[in-house]
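K.L.:
My questions all concern the structure below.
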Amino acid sequence: MKIFECESCNDVWIKLQVAETMNCCQNELHQVKENMDPEVIETHTPIIKKMGDFIYVEVNKEHPMLDVHHLELIIIETNHGVHVKKLFSQNLIKAQFILTEGEVIINIYVYCNVHHLIKITDINLS
Ligand SMILES: [Fe+2]
């Protein structure tokens, strides 16, 4: 899985398979690099709870959910595939996912319109 963003229209693209280059607004898209700043990772790490096969993700209250700065996507990569939830500023700060039997979380990412892609390194399922 690779994440791309358009610098012109700010659209975010999730590419699940290897393919040729991608274009948007007549520009070639560049893969988004993970933001490795520890402070950014800390303020963007959501609260993640697992209850049975349900995964509940709540945006960190320290992170704004305003039009100018908000989390746009929560992405859960598992051994079975990819789950994506689109968040809307000032609207939804929680997301729910359902895992299938034998499905195990490999990575969790959040995408912020200001800080871009953050890989959650401390997955603490409570
Ligand atoms: Fe942010």
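Simple scheme: letters A, B, ... for chains in structure tokens order, numbers from 1 for residues in each chain, numbers from 1 for ligands in the order shown.
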Region 43-125 of chain A: which residues are strand (DSSP E) by DSSP, as JSON, numbers by chain?

P.N.:
{"A": [47, 48, 49, 50, 51, 54, 55, 56, 57, 58, 71, 72, 73, 74, 75, 76, 77, 78, 82, 83, 84, 85, 86, 94, 95, 96, 97, 98, 105, 106, 107, 108, 109, 110, 111, 112, 116, 117, 118, 119, 120]}

K.L.:
Grab me every residue within 10 Å of ligand 1, counting only C-alpha atoms and all ligand atoms, and send it over as a VMD selection string.

P.N.:
chain A and resid 40 to 41 43 to 44 62 to 65 68 to 72 110 to 118

K.L.:
Would you please work out which residue, of A:Ile98, A:Ile93, A:Val57, A:Leu66, is nearest to Leu125 (chain A) when using only C-alpha atoms?

P.N.:
A:Val57

K.L.:
Give me, as number ranges by chain, all polymer residues having an atom no more than 7 Å from Lys15 (chain A), counting only C-alpha atoms and skipping those fewer than 3 positions away in the same chain.

P.N.:
A: 1-3

K.L.:
Save the residues we just selected, N, CA and C atoms, as an mmCIF file, in the first residue's frame?

P.N.:
```cif
data_model
loop_
_atom_site.group_PDB
_atom_site.id
_atom_site.type_symbol
_atom_site.label_atom_id
_atom_site.label_comp_id
_atom_site.auth_asym_id
_atom_site.auth_seq_id
_atom_site.Cartn_x
_atom_site.Cartn_y
_atom_site.Cartn_z
ATOM 1 N N MET A 1 0.850 -1.187 0.000
ATOM 2 C CA MET A 1 0.000 0.000 0.000
ATOM 3 C C MET A 1 0.887 1.238 0.000
ATOM 4 N N LYS A 2 0.545 2.210 -0.854
ATOM 5 C CA LYS A 2 1.280 3.472 -0.899
ATOM 6 C C LYS A 2 0.281 4.624 -0.913
ATOM 7 N N ILE A 3 0.662 5.712 -0.291
ATOM 8 C CA ILE A 3 -0.192 6.892 -0.218
ATOM 9 C C ILE A 3 0.426 7.983 -1.087
#
```

K.L.:
Got a sec to tell me which of chain A DSSP assigns to helix (DSSP H, G or I), as a PyMOL selection string?

P.N.:
chain A and resi 38-44

K.L.:
Could the residues in this selection be saved with C-alpha atoms as a PDB file, in the first residue's frame?

P.N.:
```
ATOM      1  CA  PRO A  38       8.208  12.108  17.435  1.00  0.00           C
ATOM      2  CA  GLU A  39       6.119  15.087  18.618  1.00  0.00           C
ATOM      3  CA  VAL A  40       3.878  14.811  15.546  1.00  0.00           C
ATOM      4  CA  ILE A  41       3.515  11.066  16.040  1.00  0.00           C
ATOM      5  CA  GLU A  42       2.548  11.601  19.687  1.00  0.00           C
ATOM      6  CA  THR A  43      -0.117  14.245  19.001  1.00  0.00           C
ATOM      7  CA  HIS A  44      -1.588  12.237  16.107  1.00  0.00           C
TER       8      HIS A  44
END
```

K.L.:
Restricting the calculation to only C-alpha atoms, which member of A:Ile47, A:Val82, A:Ala95, A:Val59 is positioned closest to Ile123 (chain A)?

P.N.:
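Checking each candidate against Ile123 (chain A), we get A:Ile47 as the closest.
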
K.L.:
Env of Gly81 (chain A): 12 Å cut, atoms = only C-alpha atoms, seq-sep filter 2 positions within chain, self excluded. Answer as a list in words.

P.N.:
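The filter keeps Met1, Leu16, Gln17, Ile75, Ile76, Glu77, Thr78, Asn79, His83, Val84, Leu99, Thr100, Gly102, Glu103, Val104, Ile105, Ile106 and Asn107 of chain A.
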